[in-house]
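Trainee: One structure, pasted below without further comment.
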Amino acid sequence: MAGEPSTGTEIELKLTAEPSVLERLWQAPQLCGGQETAPKTKNLENVYYDTADLRLRKRGLAFRIRRDGERFIQTVKSGDAEAAGLFSRSEWEGPVPSLEPQPDIVDDPNIRAALGLILPGELRPVFTTRVHREVQKVNGTDSLGRLKVIEAAFDRGQIEAAGTVQPLAEIELELVEGSPRALFDLALSLQDIAPTQLETRSKSTRGYALATGRRPAWHRAKPLALKADMKADDALAAIFESCLLHWTANEAAALEGSDPEGVHQLRVGLRRFRSALSVFSELLPPEHRSRLNEDARWILGALGPARDWDVFLADLLAPLELNREGDKDLAVLRKAVTERRAEAYAQVRHALSDPRYTRFILQLGGWLEDRAWHCADLTPAQAVWLDQPLITLADKLLSKRHRKTLKLGRRFAHLSIEQRHRVRIGMKKLRYTTEFFRDLYPQKKAAPYIKAMRSLQESLGHLNDVAVAETLLADLTKPQAGRRRPAGLEQAAGKVIGWYAHGVTQFEPEMRATWKAFAKTRPFWHEAPR
Amino acid sequence: MITVLVANTKGGCGKTTVATHLAAVFANAGLRTALADADKQGSSLGWVKRRPDDVGAITPLDWRDGPGKMPKAVDRLVIDSPAAMKMGKIDDLLRIADVVVVPVLPSGFDVEATGDFLKRLESLKPIRKSKTAVAVVRNRVQLGTRSAAQLDSFMLGVGHVGVGRLRHRTVYTEIAGQGLSIFDLSGQRNEELQEDWAPLLRYIENCDPQIGKIAVGGEISL
């Protein structure tokens, strides 16, 4: 960065905690405590610019000028949208004479193209960060003995926008040399000294949030770019990474909690992750799989009640309220459920700041970066499968899931509710498997199958409505020490359960018809021999 | 990449002027720009050929016999469409466009013909499905005249928001012969004229297919 424009990719992790906790971490032997030289200190001012219609933000860019003493450095970062990469961004950097933005000097054609047309005078300051930064180079070797150089920076200061000020304290670990695994290893070892959380939002994301006053957005999963002839190993890595990015991108929205989609999308990401573990179970060392699965199951469980109460309010209670306007018992129920929902969201916040959650993500991140499933526990047969083209594996896995589900649903009309639940869960797994692989096949061929699968899933969903209503209401009406049950609550519970239990009998013909249609639909893949 | 189709079945409404100016402003900003000419007269192609070396470079594309090959690494593609274009022909061009810019003159005949054109546009699939945006730009406007006011009420009538208005100035025709646009000229008067284009340019920039993919939205007051 010696006064010349430069382009590059940065790989970093950011840790946040109470400032006093970060102070303690900073003195840890792994960071400053173990170094011979004292950390360099700087006072930095960063002004972030955008157009009035926030086009740069919408294009996933961050445009800033940093004042470092007498020097001004203009930086354009791409991939800076909330849902973009967790750990990696590409950027252009060059010196400028003042705080006046100069989009025209960006000479990297791709970043220039990403900026698009900027009219004269259109770039204006959106927010400013002011930090006191201490920087320390951490040299050494990672857990596998490879050389590593990491730049650790401790930032303390504030973000200012639209007349509001927000405090900022984080430790940033940036990889200078070595394997990305080293970053995760270092962050993990710091967890032993004091628990921190991973900050997945960039400073610009936080600044824009402050400037626009917008609540954090939720995000869908990004489409997977899987190819039929790619190695199964590469697909595995891509799928796991996409799940991790999907759920971490929804942390902020889940913590904020005003839109049910936040917790929902976070759980979808985690559930996709768990089903990927199960779909690829034969290719992974059992010990790795069960450890990751346990952690994912734990956090999913902690997030479960919030999702359940959200669904109860929106999908189960609301339709009933529409049909029974002014029902006093239902009003009592709504109040009780709303209180439960608030408790469940407190549990969400608690779980997401639990040290176990941070460790889970750091372990998973390091495992993914290193493709650590390639270890002594991997059998030769597994190694062969990982080297196969993805399409071969997809054919095999889809055939297996398909057959399993057909078997569960045999003689569907005669199955008990319990057995149909098992069909429902089998369908869910089949659905995830097809969603991972459907892009490998011609869309025209896959569409009828996916449509039949969706219709069946939807009608089986009615079964679950009753089951969920029963469990939740049993929990809600359960006598609790020191808590008085409000009058009318049990009556309301009875009304809800009655309504949906009756609904299931109504849906019986539809359930049978959708099952029949599904069982007749031809697979869209090349069926593998048993 | 953003693909801009400049179109109106009514001739003489300033399609080539708008197309060449859009190409020039993109090229001058350092964006890799191509100008495709689908008009038999080839006026845009001629304009690019006359363009001096010291202004933003534009790649000419001869599409007079239908959409041709696309050069690699283009950030902005502007298409100048033929007058009296058959609707079947425009369908092909619409399919690749992110935004259609429709210049309209403030005369009674033009307004009427453009209204018909817009109605027909709406019946086409990409527009009906809101995949392609439409921007109506008022061209050669003389401020304060009665026809200018008529044009404003027309805009409300057809249900399209007008995106900016371009004032009538002879400089546009004077510099066309040199392969230039007002974005290649300096001076206060030209800079004022350049500002006429700002609403349209901002509108086009927001039609970037990359933009819709990220959930941010909203404007802030700076």
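Every chain in the structure tokens has a letter given in the order shown (A, B, ...), and although residue numbers restart at 1 in each chain, ligands are simply numbered from 1 in the order shown.
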Please identify all polymer residues within 12 Å of Ile90 (chain B), counting only C-alpha atoms, omitting same-chain residues fewer than 6 positions from it, and present them as a ChimeraX atom specification.
Mentor: /B:5-9,38-39,66-67,79-84,96-97,100,117,120-121,124-127
Trainee: Please, could you write that set of residues out with C-alpha atoms as a PDB file, in the first residue's frame?
Mentor:
ATOM      1  CA  LEU B   5     -32.966  -0.031 -25.638  1.00  0.00           C
ATOM      2  CA  VAL B   6     -33.889   3.371 -27.086  1.00  0.00           C
ATOM      3  CA  ALA B   7     -37.164   2.940 -28.954  1.00  0.00           C
ATOM      4  CA  ASN B   8     -40.246   4.672 -30.321  1.00  0.00           C
ATOM      5  CA  THR B   9     -42.143   3.758 -33.491  1.00  0.00           C
ATOM      6  CA  ALA B  38     -30.392  -1.532 -35.478  1.00  0.00           C
ATOM      7  CA  ASP B  39     -31.595   1.309 -37.705  1.00  0.00           C
ATOM      8  CA  GLY B  66     -30.822  -8.113 -36.540  1.00  0.00           C
ATOM      9  CA  PRO B  67     -29.119  -8.590 -33.173  1.00  0.00           C
ATOM     10  CA  ILE B  79     -29.243  -0.074 -28.663  1.00  0.00           C
ATOM     11  CA  ASP B  80     -30.567   2.452 -31.166  1.00  0.00           C
ATOM     12  CA  SER B  81     -33.694   0.850 -32.611  1.00  0.00           C
ATOM     13  CA  PRO B  82     -35.131   1.468 -36.092  1.00  0.00           C
ATOM     14  CA  ALA B  83     -38.052   3.830 -36.612  1.00  0.00           C
ATOM     15  CA  ALA B  84     -41.324   2.229 -37.653  1.00  0.00           C
ATOM     16  CA  ILE B  96     -32.172  -8.600 -23.881  1.00  0.00           C
ATOM     17  CA  ALA B  97     -32.962  -5.085 -22.581  1.00  0.00           C
ATOM     18  CA  VAL B 100     -36.455   0.802 -22.554  1.00  0.00           C
ATOM     19  CA  PHE B 117     -46.545   2.656 -28.916  1.00  0.00           C
ATOM     20  CA  ARG B 120     -48.345  -1.965 -27.530  1.00  0.00           C
ATOM     21  CA  LEU B 121     -45.147  -2.167 -25.489  1.00  0.00           C
ATOM     22  CA  LEU B 124     -45.249  -7.553 -24.648  1.00  0.00           C
ATOM     23  CA  LYS B 125     -44.162 -10.214 -22.213  1.00  0.00           C
ATOM     24  CA  PRO B 126     -40.975  -8.799 -20.672  1.00  0.00           C
ATOM     25  CA  ILE B 127     -42.719  -5.497 -19.891  1.00  0.00           C
TER      26      ILE B 127
END
Trainee: As a VMD selection string, please: every residue in region 140-283 of chain A that a backbone DSSP assignment puts in alpha helix (DSSP H).
Mentor: chain A and resid 180 to 191 203 to 212 232 to 249 251 to 256 261 to 279
Trainee: Looking at A:Phe524, A:Trp367, A:Tyr432, A:Trp499, which one is nearest to Arg401 (chain A), with distances taken over only C-alpha atoms?
Mentor: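 Checking each candidate against Arg401 (chain A), we get A:Tyr432 as the closest.
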Trainee: What does the distance between CA of Cys375 (chain A) and CA of Leu144 (chain A) come to in Å, to one decimal place?
Mentor: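 It comes out at 12.3 Å.
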Trainee: As a PDB file with N, CA and C atoms, in the first residue's frame, please: the residues near Thr20 (chain B) (cut-off 8 Å, only C-alpha atoms, same-chain neighbours under 2 positions excluded).
Mentor:
ATOM      1  N   THR B  16     -31.706   8.670 -31.970  1.00  0.00           N
ATOM      2  CA  THR B  16     -30.260   8.589 -32.157  1.00  0.00           C
ATOM      3  C   THR B  16     -29.538   9.561 -31.221  1.00  0.00           C
ATOM      4  N   THR B  17     -30.107  10.756 -31.057  1.00  0.00           N
ATOM      5  CA  THR B  17     -29.492  11.720 -30.130  1.00  0.00           C
ATOM      6  C   THR B  17     -29.431  11.123 -28.724  1.00  0.00           C
ATOM      7  N   VAL B  18     -30.532  10.527 -28.278  1.00  0.00           N
ATOM      8  CA  VAL B  18     -30.558   9.957 -26.933  1.00  0.00           C
ATOM      9  C   VAL B  18     -29.579   8.782 -26.831  1.00  0.00           C
ATOM     10  N   LEU B  22     -26.310   8.700 -24.379  1.00  0.00           N
ATOM     11  CA  LEU B  22     -26.177   7.721 -23.292  1.00  0.00           C
ATOM     12  C   LEU B  22     -24.845   6.983 -23.421  1.00  0.00           C
ATOM     13  N   ALA B  23     -24.528   6.555 -24.658  1.00  0.00           N
ATOM     14  CA  ALA B  23     -23.273   5.831 -24.867  1.00  0.00           C
ATOM     15  C   ALA B  23     -22.087   6.714 -24.460  1.00  0.00           C
ATOM     16  N   ALA B  24     -22.151   7.999 -24.827  1.00  0.00           N
ATOM     17  CA  ALA B  24     -21.024   8.893 -24.543  1.00  0.00           C
ATOM     18  C   ALA B  24     -20.827   9.092 -23.040  1.00  0.00           C
ATOM     19  N   LEU B  35     -22.315   0.567 -28.557  1.00  0.00           N
ATOM     20  CA  LEU B  35     -23.522   1.177 -29.127  1.00  0.00           C
ATOM     21  C   LEU B  35     -23.934   0.337 -30.332  1.00  0.00           C
ATOM     22  N   SER B  44     -26.210   6.096 -35.987  1.00  0.00           N
ATOM     23  CA  SER B  44     -25.382   5.922 -34.792  1.00  0.00           C
ATOM     24  C   SER B  44     -24.011   5.389 -35.151  1.00  0.00           C
ATOM     25  N   TRP B  47     -21.956   8.127 -36.438  1.00  0.00           N
ATOM     26  CA  TRP B  47     -21.560   9.021 -35.339  1.00  0.00           C
ATOM     27  C   TRP B  47     -20.340   8.440 -34.602  1.00  0.00           C
ATOM     28  N   SER B 181     -20.940  14.491 -28.215  1.00  0.00           N
ATOM     29  CA  SER B 181     -22.154  14.699 -27.436  1.00  0.00           C
ATOM     30  C   SER B 181     -21.885  15.854 -26.488  1.00  0.00           C
TER      31      SER B 181
END
Trainee: Find the residues around region 180-194 of chain A up to 7 Å (only C-alpha atoms counted), leave out those fewer than 6 positions away in its own chain, and share them as a compact mmCIF listing (two decimals) with N, CA and C atoms, in the first residue's frame.
Mentor:
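Ended up saving to part_27.txt:
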# COMPACT_ATOMS: atom_id res chain seq x y z
N VAL A 21 -13.73 -7.16 28.15
CA VAL A 21 -13.35 -8.52 27.76
C VAL A 21 -12.32 -8.46 26.63
N LEU A 25 -8.47 -9.94 26.30
CA LEU A 25 -8.04 -10.79 25.19
C LEU A 25 -6.81 -10.21 24.51
N ASP A 142 0.56 -22.67 12.48
CA ASP A 142 -0.80 -23.07 12.85
C ASP A 142 -0.79 -24.49 13.43
N LYS A 148 2.34 -19.06 9.54
CA LYS A 148 1.22 -18.12 9.48
C LYS A 148 1.68 -16.73 9.87
N LEU A 173 -8.94 -10.02 13.02
CA LEU A 173 -7.81 -10.87 12.69
C LEU A 173 -7.75 -11.01 11.18
N ARG A 359 -17.93 -21.11 19.15
CA ARG A 359 -17.01 -22.23 18.91
C ARG A 359 -17.47 -23.09 17.74
N LEU A 362 -16.64 -21.30 14.53
CA LEU A 362 -15.19 -21.28 14.28
C LEU A 362 -14.69 -22.67 13.89
N GLY A 365 -15.94 -23.34 10.39
CA GLY A 365 -15.22 -22.51 9.43
C GLY A 365 -13.84 -23.09 9.12
N GLY A 366 -13.11 -23.47 10.16
CA GLY A 366 -11.78 -24.05 9.97
C GLY A 366 -11.85 -25.38 9.24
N GLU A 369 -12.54 -24.61 5.54
CA GLU A 369 -11.39 -24.02 4.86
C GLU A 369 -10.36 -25.09 4.52
N ASP A 370 -10.19 -26.03 5.44
CA ASP A 370 -9.16 -27.05 5.27
C ASP A 370 -9.70 -28.32 4.62
Trainee: What gap, in Å, lies between CA of Glu527 (chain A) and CA of Ser399 (chain A)?
Mentor: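 Separation between CA of Glu527 (chain A) and CA of Ser399 (chain A): 5.8 Å.
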Trainee: Please tabulate, as JSON lines, the residues of region 418-505 of chain A that come within 9 Å of region 227-239 of chain A, each with its closest pair of atoms and the distance in Å to one decimal, counting only C-alpha atoms and ordering rows by chain, then residue number upward.
Mentor:
{"residue": "A:Phe436", "atom": "CA", "partner": "A:Ile239", "partner_atom": "CA", "distance": 7.7}
{"residue": "A:Phe437", "atom": "CA", "partner": "A:Ala228", "partner_atom": "CA", "distance": 8.9}
{"residue": "A:Asp439", "atom": "CA", "partner": "A:Lys227", "partner_atom": "CA", "distance": 7.7}
{"residue": "A:Leu440", "atom": "CA", "partner": "A:Ala228", "partner_atom": "CA", "distance": 5.2}
{"residue": "A:Tyr441", "atom": "CA", "partner": "A:Ala228", "partner_atom": "CA", "distance": 8.1}
Trainee: What would the file look like if the residues just selected were written as a PDB file, in the first residue's frame with C-alpha atoms?
Mentor:
ATOM      1  CA  PHE A 436     -29.301 -29.537  -3.492  1.00  0.00           C
ATOM      2  CA  PHE A 437     -29.149 -31.369  -6.820  1.00  0.00           C
ATOM      3  CA  ASP A 439     -29.850 -27.734 -10.991  1.00  0.00           C
ATOM      4  CA  LEU A 440     -27.777 -30.606 -12.305  1.00  0.00           C
ATOM      5  CA  TYR A 441     -30.762 -31.824 -14.321  1.00  0.00           C
TER       6      TYR A 441
END
Trainee: Just need the residues of chain A within 7 Å of chain B, counting only C-alpha atoms, so spit them out as a JSON list (two decimals) with N, CA and C atoms, in the first residue's frame.
Mentor:
[["chain", "number", "residue", "atom", "x", "y", "z"],
["A", 52, "ALA", "N", -27.47, 9.40, -3.32],
["A", 52, "ALA", "CA", -28.67, 9.57, -2.49],
["A", 52, "ALA", "C", -29.57, 8.33, -2.57],
["A", 53, "ASP", "N", -29.59, 7.67, -3.74],
["A", 53, "ASP", "CA", -30.43, 6.47, -3.84],
["A", 53, "ASP", "C", -29.65, 5.21, -3.44],
["A", 54, "LEU", "N", -28.50, 5.40, -2.81],
["A", 54, "LEU", "CA", -27.69, 4.30, -2.25],
["A", 54, "LEU", "C", -27.37, 3.22, -3.28],
["A", 55, "ARG", "N", -27.00, 3.66, -4.48],
["A", 55, "ARG", "CA", -26.72, 2.66, -5.52],
["A", 55, "ARG", "C", -25.51, 1.81, -5.19],
["A", 58, "LYS", "N", -26.56, -0.80, -2.84],
["A", 58, "LYS", "CA", -27.40, -1.79, -3.52],
["A", 58, "LYS", "C", -26.55, -2.71, -4.40],
["A", 59, "ARG", "N", -25.40, -2.20, -4.85],
["A", 59, "ARG", "CA", -24.53, -3.04, -5.68],
["A", 59, "ARG", "C", -23.53, -3.81, -4.83],
["A", 104, "ASP", "N", -13.35, 8.31, -10.35],
["A", 104, "ASP", "CA", -12.75, 8.12, -11.66],
["A", 104, "ASP", "C", -11.33, 7.57, -11.61],
["A", 113, "ALA", "N", -16.46, -1.11, -13.13],
["A", 113, "ALA", "CA", -17.75, -1.49, -13.70],
["A", 113, "ALA", "C", -18.80, -1.65, -12.60],
["A", 117, "LEU", "N", -22.18, 4.22, -13.28],
["A", 117, "LEU", "CA", -22.08, 5.65, -13.58],
["A", 117, "LEU", "C", -22.36, 6.45, -12.32],
["A", 124, "ARG", "N", -21.89, 11.52, -1.58],
["A", 124, "ARG", "CA", -21.92, 12.34, -0.38],
["A", 124, "ARG", "C", -21.67, 11.45, 0.82],
["A", 126, "VAL", "N", -22.15, 9.32, 4.03],
["A", 126, "VAL", "CA", -23.32, 8.67, 4.63],
["A", 126, "VAL", "C", -23.10, 8.47, 6.13],
["A", 212, "THR", "N", -29.69, 4.67, 7.80],
["A", 212, "THR", "CA", -31.01, 4.54, 7.19],
["A", 212, "THR", "C", -32.07, 4.23, 8.24],
["A", 217, "ALA", "N", -32.01, -6.71, 7.54],
["A", 217, "ALA", "CA", -32.80, -7.48, 6.58],
["A", 217, "ALA", "C", -32.54, -8.97, 6.76]]
Trainee: How would you write, as a ChimeraX atom specification, the set of residues in region 122-305 of chain A that DSSP gives as strand (DSSP E or B)?
Mentor: /A:124-141,147-161,164-177,197-198,231
Trainee: So, with only C-alpha atoms as the atoms that count, which of B:Ala34, B:Glu112, B:Lys89, B:Pro199 lies closest to Thr3 (chain B)?
Mentor: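 Smallest separation from Thr3 (chain B) among the options: B:Ala34.
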Trainee: Here is a test: counting only C-alpha atoms, which residue of B:Lys131, B:Lys49, B:Lys72, B:Arg140 is nearest to Gln178 (chain B)?
Mentor: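 So, comparing all the options, the nearest one is B:Lys49.
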Trainee: Pick from A:Leu270, A:Leu31, A:Leu316, A:Ala209: nearest to Gly301 (chain A), with only C-alpha atoms counted?
Mentor: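 Counting only C-alpha atoms, the residue closest to Gly301 (chain A) is A:Leu270.
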Trainee: Between B:Cys207, B:Pro71, B:Lys10, B:Val141, which one has atoms that come closest to Gly115 (chain B), using only C-alpha atoms?
Mentor: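 Selected residue with least distance to Gly115 (chain B): B:Lys10.
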Trainee: May I ask which of the residues B:Val99, B:Leu94, B:Val104, B:Val111 is the closest one to Ala133 (chain B), counting only C-alpha atoms?
Mentor: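 Comparing B:Val99, B:Leu94, B:Val104, B:Val111 against Ala133 (chain B), the winner is B:Val99.
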